[in-house]
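Beneath this line is the structure, given in structure tokens, with notes to follow.
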Amino acid sequence: MSKTRGALPPGQVQTNKFPAIHTGPIPTVDLHSWRFRIFGMVDQEKSLTWDELIQLPRYDTTSDAHCVTTWTYADNHWEGVAFHTVMSIVDVLPEANFALVHAENGYSVSLNIDDLLREGVMLAFKHNGETLSPEHGFPVRLIVPHLYFWKSAKWVTGVEFLAEYKPGFWEQRGYHPHGDPWSQQRYRE
């Protein structure tokens with residue numbers, strides 16, 4: 001059985017409803033002015049409109065969501081664009097080892113590039129056949145199924161490639177830099 005689907009990591013309890021947890025207000029997003037920015041350690045910065053992003057090759061996957069607060073919501077079907085597809089439209093410099101994914105309300109999440117390139121990592125537009133609700137990240141949510149769900153940022157607006165680790169919103173507040181639920185990496189030591 002896969003570590004990312006079907007089994008519960010240590011300390012997790014399965015829930016039958018999909019909680020919507022966030023800090024700050026739910027943003028109102030205008031798709032006509034919304035942009036997804038790819039910047040930092042790339043050969044040339046790129047900014048995609050909503051229409052350009054959704055024209056990229058589609059990707060779908062099913063995964064479990066494991067929250068650091070100990071709930072797991074199983075069998076989520078996500079539709080959107082694979083993260084490796086997004087990375088393929090720019091040349092990421094070889095010195096880049098990390099990414100800071102930016103979102104509305106000043107939210108960000110830090111990931112290493114190897115985590116972003118894993119199977120199942122994507123920018124999702126739909127959840128279980130429906131357009132993402134505002135509470136769950138409309139219009140775009142990052143999905144990183146092998147890490148705790150705080151790494152799956154809502155309301156994503158861009159990715160900044162970096163040479164060195166830079167903590168994101170929750171990492172600055174004591175959460176673990178990596179966040180592997182199978183190793184119970186909830187909080188920084």
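A note on labels: chains of the structure tokens are A, B, ... as shown, every chain counts residues from 1, and ligands are counted from 1 in their shown order.
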
* For region 167-171 of chain A, work out the shell of residues within 10 Å, counting only C-alpha atoms and skipping chain neighbours fewer than 4 positions away, then give it as a VMD selection string. => chain A and resid 99 to 102 106 to 111 150 to 151 175 to 179 187 to 188

* Using DSSP on the backbone coordinates, identify all residues within region 7-116 of chain A classified as strand (DSSP E or B); present the result as number ranges by chain. => A: 13-14, 35-40, 42, 46-49, 59-66, 71-82, 92, 98-103, 108-112

Those same residues, written as a short mmCIF file (atom, residue, chain, number, x, y, z; two decimals), in the first residue's frame with N, CA and C atoms?
```cif
data_model
loop_
_atom_site.label_atom_id
_atom_site.label_comp_id
_atom_site.auth_asym_id
_atom_site.auth_seq_id
_atom_site.Cartn_x
_atom_site.Cartn_y
_atom_site.Cartn_z
N VAL A 13 -5.95 10.73 12.14
CA VAL A 13 -7.28 10.16 12.27
C VAL A 13 -8.06 10.56 11.01
N GLN A 14 -8.74 9.60 10.41
CA GLN A 14 -9.48 9.90 9.19
C GLN A 14 -10.76 10.65 9.50
N ARG A 35 -2.62 36.63 -11.95
CA ARG A 35 -1.40 36.18 -12.64
C ARG A 35 -0.69 35.15 -11.79
N PHE A 36 -0.04 34.20 -12.47
CA PHE A 36 0.85 33.24 -11.82
C PHE A 36 2.26 33.59 -12.28
N ARG A 37 3.07 34.03 -11.33
CA ARG A 37 4.41 34.52 -11.63
C ARG A 37 5.45 33.45 -11.32
N ILE A 38 6.38 33.22 -12.26
CA ILE A 38 7.50 32.29 -12.09
C ILE A 38 8.75 33.15 -12.13
N PHE A 39 9.49 33.20 -11.01
CA PHE A 39 10.60 34.16 -10.93
C PHE A 39 11.70 33.64 -10.01
N GLY A 40 12.67 34.49 -9.75
CA GLY A 40 13.82 34.07 -8.94
C GLY A 40 14.91 33.53 -9.83
N VAL A 42 15.58 31.84 -12.43
CA VAL A 42 15.16 31.35 -13.74
C VAL A 42 15.84 32.21 -14.79
N LYS A 46 8.56 34.71 -15.91
CA LYS A 46 7.36 34.48 -16.73
C LYS A 46 6.14 34.77 -15.86
N SER A 47 5.12 35.34 -16.48
CA SER A 47 3.86 35.61 -15.80
C SER A 47 2.75 35.05 -16.68
N LEU A 48 1.96 34.14 -16.11
CA LEU A 48 0.87 33.52 -16.85
C LEU A 48 -0.47 34.09 -16.41
N THR A 49 -1.33 34.37 -17.38
CA THR A 49 -2.70 34.73 -17.07
C THR A 49 -3.45 33.45 -16.71
N TYR A 59 -3.74 17.55 -15.99
CA TYR A 59 -3.22 16.46 -15.17
C TYR A 59 -4.24 16.19 -14.09
N ASP A 60 -4.46 14.93 -13.74
CA ASP A 60 -5.32 14.63 -12.62
C ASP A 60 -4.73 13.49 -11.82
N THR A 61 -5.04 13.49 -10.54
CA THR A 61 -4.51 12.49 -9.63
C THR A 61 -5.44 12.39 -8.42
N THR A 62 -5.31 11.30 -7.72
CA THR A 62 -6.07 11.10 -6.48
C THR A 62 -5.07 10.89 -5.35
N SER A 63 -5.30 11.59 -4.24
CA SER A 63 -4.38 11.50 -3.11
C SER A 63 -5.12 11.79 -1.81
N ASP A 64 -4.49 11.43 -0.71
CA ASP A 64 -5.00 11.74 0.62
C ASP A 64 -4.40 13.07 1.09
N ALA A 65 -5.14 13.78 1.94
CA ALA A 65 -4.65 15.03 2.53
C ALA A 65 -4.44 14.78 4.02
N HIS A 66 -3.21 15.00 4.48
CA HIS A 66 -2.84 14.77 5.88
C HIS A 66 -2.52 16.13 6.53
N TRP A 71 -5.82 15.38 11.27
CA TRP A 71 -6.86 14.76 10.46
C TRP A 71 -6.30 14.36 9.09
N THR A 72 -6.90 13.32 8.52
CA THR A 72 -6.62 12.89 7.15
C THR A 72 -7.95 12.79 6.42
N TYR A 73 -8.00 13.40 5.24
CA TYR A 73 -9.17 13.31 4.37
C TYR A 73 -8.74 12.52 3.14
N ALA A 74 -9.34 11.35 2.95
CA ALA A 74 -8.87 10.38 1.96
C ALA A 74 -9.51 10.57 0.59
N ASP A 75 -8.78 10.08 -0.41
CA ASP A 75 -9.27 9.92 -1.78
C ASP A 75 -9.78 11.21 -2.42
N ASN A 76 -8.95 12.23 -2.41
CA ASN A 76 -9.27 13.49 -3.07
C ASN A 76 -8.86 13.39 -4.53
N HIS A 77 -9.78 13.67 -5.42
CA HIS A 77 -9.45 13.69 -6.86
C HIS A 77 -9.20 15.14 -7.26
N TRP A 78 -7.99 15.40 -7.74
CA TRP A 78 -7.57 16.75 -8.10
C TRP A 78 -7.38 16.83 -9.61
N GLU A 79 -7.74 17.98 -10.20
CA GLU A 79 -7.51 18.24 -11.62
C GLU A 79 -6.83 19.59 -11.75
N GLY A 80 -5.87 19.67 -12.66
CA GLY A 80 -5.15 20.92 -12.88
C GLY A 80 -3.98 20.70 -13.81
N VAL A 81 -2.82 21.20 -13.39
CA VAL A 81 -1.58 21.13 -14.18
C VAL A 81 -0.48 20.57 -13.28
N ALA A 82 0.24 19.57 -13.79
CA ALA A 82 1.36 19.02 -13.03
C ALA A 82 2.42 20.10 -12.81
N VAL A 92 14.96 26.77 -15.20
CA VAL A 92 15.36 26.98 -13.81
C VAL A 92 16.88 26.84 -13.75
N PHE A 98 15.64 25.22 -4.03
CA PHE A 98 14.41 25.40 -3.26
C PHE A 98 13.44 26.29 -4.02
N ALA A 99 12.21 26.28 -3.56
CA ALA A 99 11.20 27.18 -4.10
C ALA A 99 10.37 27.73 -2.95
N LEU A 100 9.99 28.96 -3.08
CA LEU A 100 9.04 29.58 -2.17
C LEU A 100 7.78 29.82 -3.01
N VAL A 101 6.72 29.09 -2.68
CA VAL A 101 5.46 29.23 -3.40
C VAL A 101 4.67 30.33 -2.71
N HIS A 102 4.30 31.35 -3.49
CA HIS A 102 3.60 32.52 -2.95
C HIS A 102 2.10 32.39 -3.18
N ALA A 103 1.34 32.99 -2.26
CA ALA A 103 -0.12 32.95 -2.34
C ALA A 103 -0.68 34.28 -1.85
N SER A 108 3.01 32.02 2.14
CA SER A 108 4.02 31.35 1.32
C SER A 108 4.36 30.01 1.97
N VAL A 109 4.92 29.13 1.16
CA VAL A 109 5.34 27.83 1.66
C VAL A 109 6.67 27.48 1.00
N SER A 110 7.58 26.95 1.79
CA SER A 110 8.91 26.60 1.31
C SER A 110 8.99 25.10 1.02
N LEU A 111 9.55 24.79 -0.14
CA LEU A 111 9.71 23.40 -0.58
C LEU A 111 11.03 23.23 -1.29
N ASN A 112 11.60 22.02 -1.22
CA ASN A 112 12.76 21.80 -2.08
C ASN A 112 12.25 21.37 -3.45
#
```

* Asked: CA of Pro94 (chain A) to CA of Lys166 (chain A): how many Å, to one decimal?
  ->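 Answer for the CA of Pro94 (chain A) to CA of Lys166 (chain A) separation: 17.4 Å.
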
* Work out how far apart CA of Ile89 (chain A) and CA of Leu53 (chain A) are and give it in Å to one decimal. =>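 Atom-to-atom, CA of Ile89 (chain A) to CA of Leu53 (chain A), that is 10.8 Å.
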
* To do: Could you tell me, as a list of chain:residue names, which residues of chain A DSSP assigns to alpha helix (DSSP H) when given the backbone?
  => A:Trp50, A:Asp51, A:Glu52, A:Leu53, A:Ile54, A:Phe83, A:His84, A:Thr85, A:Val86, A:Met87, A:Ile113, A:Asp114, A:Asp115, A:Leu116

C-alpha atoms of the current selection, written as a PDB file, in the first residue's frame:
```
ATOM      1  CA  TRP A  50      -5.509  32.464 -15.897  1.00  0.00           C
ATOM      2  CA  ASP A  51      -6.307  31.534 -19.512  1.00  0.00           C
ATOM      3  CA  GLU A  52      -2.647  30.701 -20.224  1.00  0.00           C
ATOM      4  CA  LEU A  53      -2.374  28.536 -17.119  1.00  0.00           C
ATOM      5  CA  ILE A  54      -5.488  26.491 -17.827  1.00  0.00           C
ATOM      6  CA  PHE A  83       4.012  21.146 -11.351  1.00  0.00           C
ATOM      7  CA  HIS A  84       6.749  19.734 -13.600  1.00  0.00           C
ATOM      8  CA  THR A  85       4.776  21.105 -16.568  1.00  0.00           C
ATOM      9  CA  VAL A  86       4.800  24.579 -15.014  1.00  0.00           C
ATOM     10  CA  MET A  87       8.558  24.294 -14.406  1.00  0.00           C
ATOM     11  CA  ILE A 113      12.626  21.359  -5.840  1.00  0.00           C
ATOM     12  CA  ASP A 114      12.832  17.564  -5.572  1.00  0.00           C
ATOM     13  CA  ASP A 115       9.526  17.612  -3.647  1.00  0.00           C
ATOM     14  CA  LEU A 116       7.903  19.760  -6.329  1.00  0.00           C
TER      15      LEU A 116
END
```

* Asked: Smallest atom-to-atom distance to Gln184 (chain A): which of A:Val121, A:Thr15, A:His146, A:Asn97, using only C-alpha atoms?
  ->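 Distance minimum relative to Gln184 (chain A) lands on A:His146.
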
* Asked: Just how far from CA of Phe161 (chain A) is CA of Phe149 (chain A), in Å to one decimal?
  ->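 CA of Phe149 (chain A) sits 20.8 Å away from CA of Phe161 (chain A).
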
* Which residues come within 7 Å of Pro9 (chain A), counting only C-alpha atoms, excluding same-chain residues fewer than 3 positions away, as a PyMOL selection string? -> chain A and resi 12+181-182

Would you write out those residues with N, CA and C atoms, as a short mmCIF file (atom, residue, chain, number, x, y, z; two decimals), in the first residue's frame?
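This went into out-v4.cif:
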```cif
data_model
loop_
_atom_site.label_atom_id
_atom_site.label_comp_id
_atom_site.auth_asym_id
_atom_site.auth_seq_id
_atom_site.Cartn_x
_atom_site.Cartn_y
_atom_site.Cartn_z
N GLN A 12 -2.43 10.18 12.84
CA GLN A 12 -3.52 10.76 12.05
C GLN A 12 -4.83 10.02 12.30
N PRO A 181 4.54 13.61 6.78
CA PRO A 181 3.63 13.05 7.79
C PRO A 181 4.02 11.65 8.25
N TRP A 182 4.73 10.90 7.44
CA TRP A 182 5.13 9.54 7.81
C TRP A 182 6.22 9.55 8.86
#
```

* Asked: Can you list, as a ChimeraX atom specification, every protein, DNA or RNA residue that comes within 10 Å of Lys154 (chain A) when you count only C-alpha atoms, leaving out same-chain residues fewer than 6 positions away?
  -> /A:22,26,102-104,107-108,123-124,132,134-143

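With distances restricted to only C-alpha atoms, A:Arg58 is the closest residue to Lys126 (chain A) from A:Ala20, A:Arg173, A:Leu147, A:Arg58.
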
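Using only C-alpha atoms for every distance, the candidate list A:Trp34, A:His127, A:Ala153, A:Leu93 yields A:His127 as the residue closest to Phe18 (chain A).
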
* Counting only C-alpha atoms, figure out which residue out of A:Met41, A:Lys17, A:Glu130, A:Asp180 gets nearest to Val90 (chain A). =>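 Among A:Met41, A:Lys17, A:Glu130, A:Asp180, it is A:Met41 that comes nearest to Val90 (chain A).
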